[in-house]
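**Student:** Here it is: the structure, laid out below.
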Amino acid sequence: MATTLSTLNQQEPLPPTTTIETTPKAMDIDAKTENADNGGSNSATIDEASDFNDDKHVKDNGNTAIEAVKESDKGAVMMRCVGRTNRLVTWGASSWQGRRQTMEDNVRIFPGLLHLTCNEFGGCTAPECKFAAVKSPVHYFGLFDGHGGNQVSKYCANELHLMVAEEWGREAGNDGWHRRWEAALCRSYERADDVFKDNSLAPYSVGTTALVAILSPCQIIASNCGDSRVVLSRGKQAIPLTVDHKLDREDEVARITNGGGQIINWGGLRVGGILNMTRAIGDHDLKPWVIAEPEVTFMTRSEDDEFLILASDGLWDVMSSDDAVKLARYELRRRRRLPEKGDTPSSPACGAAEELVKIAYDAFSTDNISVVIVDLKAPRIRSLQNTEKRSSLPSSLAQYKRTNMIVLKITN
């Protein structure tokens, strides 16, 4: 069935164990469901949109994200537009209910949410390049980790991308493109949060994180509210593009306590003794201390960018950003060298997302686990000859981890 805007809001969430692999060229949802121990598994190839369902904190919570993003904007002008292959970007996503009794994660992927030129989106990395004036798709990736129920996360997965497109389309002011996008995202989050002032839609104790990545030809915009995270692999570096909203952030604690809120140690630090994060959509029983205002960062794309990882804290509870990037990079490169099988190309990003979910589960993550990987490298033609290049590679991620001494965190 072709997916259109009119059917998006009526789509039912897929089963608790879900895998989606996508390329921009596919036009329809074509899902095949198989039995599995944890609720079944699905695969789908899509173009218009995709969505599927979803406390400990790691040290690398992205506190250097803002500085890294600001520094990136100082890059030199390039000879060729880095976004010339933005139409060929591929992605994959995997979600697992894990050890939780319910699935509260939701993911929405909407390729081509807008079509803009580089000059309409902050300028081009190579202004003289012919691609600078060509309209290119702007892709939307959203991940929502619900708590207390899935009503808010499901609503955000169904509606937030439409709000973002609508808010961006409002008449622009004279404050520049950064401010236009920041305002559009903040208004969208606020609108979604306002919906749940009506407690007939969901109890006031229900909320969700809201992690959004907007990928244009030459820019990456990351917007976050909660403790989900997006990380960029650039060269050999793992660069967090968002900052987790946790109670180990002095600025967040000060904001809450200065406003009359309480931080109570109840099995860990929690706002009001209830929530272990400081920002979320929903959670109206903890207003005004838990806010829905996102932090928005901007990163100019580079030829060295390889992929993005968006994930819920089910991954980050047991894996650092560096380790996640190392494991995903290995799996992506291994799968890129594999020959095609059959008429349908397999997305390396999909396999890499599945592997990260499996590793997090094996590391005893106790939460729902959702991972989206966006492969920023254009697909290459694979042939049987490419298998010769694999002779020096470890045969599995397990062997790779042993070779590279990657030790994952183990939750209590």
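Chain labels follow the order of the structure tokens: the first chain is A, the next B, and so on; residue numbering restarts at 1 in every chain, and ligands are counted from 1 in their shown order.
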For Ile291 of chain A, please output as a PyMOL selection string all residues within 8 Å (counting only C-alpha atoms; exclusion window: fewer than 2 positions along the same chain).
**Tutor:** chain A and resi 278-281+287-289+293
**Student:** Based on the selection just made, write C-alpha atoms of those residues as a PDB file, in the first residue's frame.
**Tutor:**
```pdb
ATOM      1  CA  THR A 278      14.774  16.947  33.120  1.00  0.00           C
ATOM      2  CA  ARG A 279      12.993  17.545  29.810  1.00  0.00           C
ATOM      3  CA  ALA A 280      10.214  15.659  28.065  1.00  0.00           C
ATOM      4  CA  ILE A 281       7.047  16.136  26.066  1.00  0.00           C
ATOM      5  CA  LYS A 287       5.324  20.982  35.120  1.00  0.00           C
ATOM      6  CA  PRO A 288       6.814  23.566  35.198  1.00  0.00           C
ATOM      7  CA  TRP A 289      10.067  21.816  36.144  1.00  0.00           C
ATOM      8  CA  GLU A 293      11.803  22.956  25.165  1.00  0.00           C
TER       9      GLU A 293
END
```
**Student:** Which of segment 144-293 of chain A counts as strand (DSSP E or B) under DSSP, as JSON, numbers by chain please?
**Tutor:** {"A": [144, 145, 146, 147, 207, 208, 210, 211, 212, 213, 214, 215, 219, 220, 221, 222, 223, 224, 225, 229, 230, 231, 232, 233, 234, 237, 238, 239, 240, 246, 263, 264, 265, 269, 270, 271, 275, 277, 279, 281, 282, 291]}
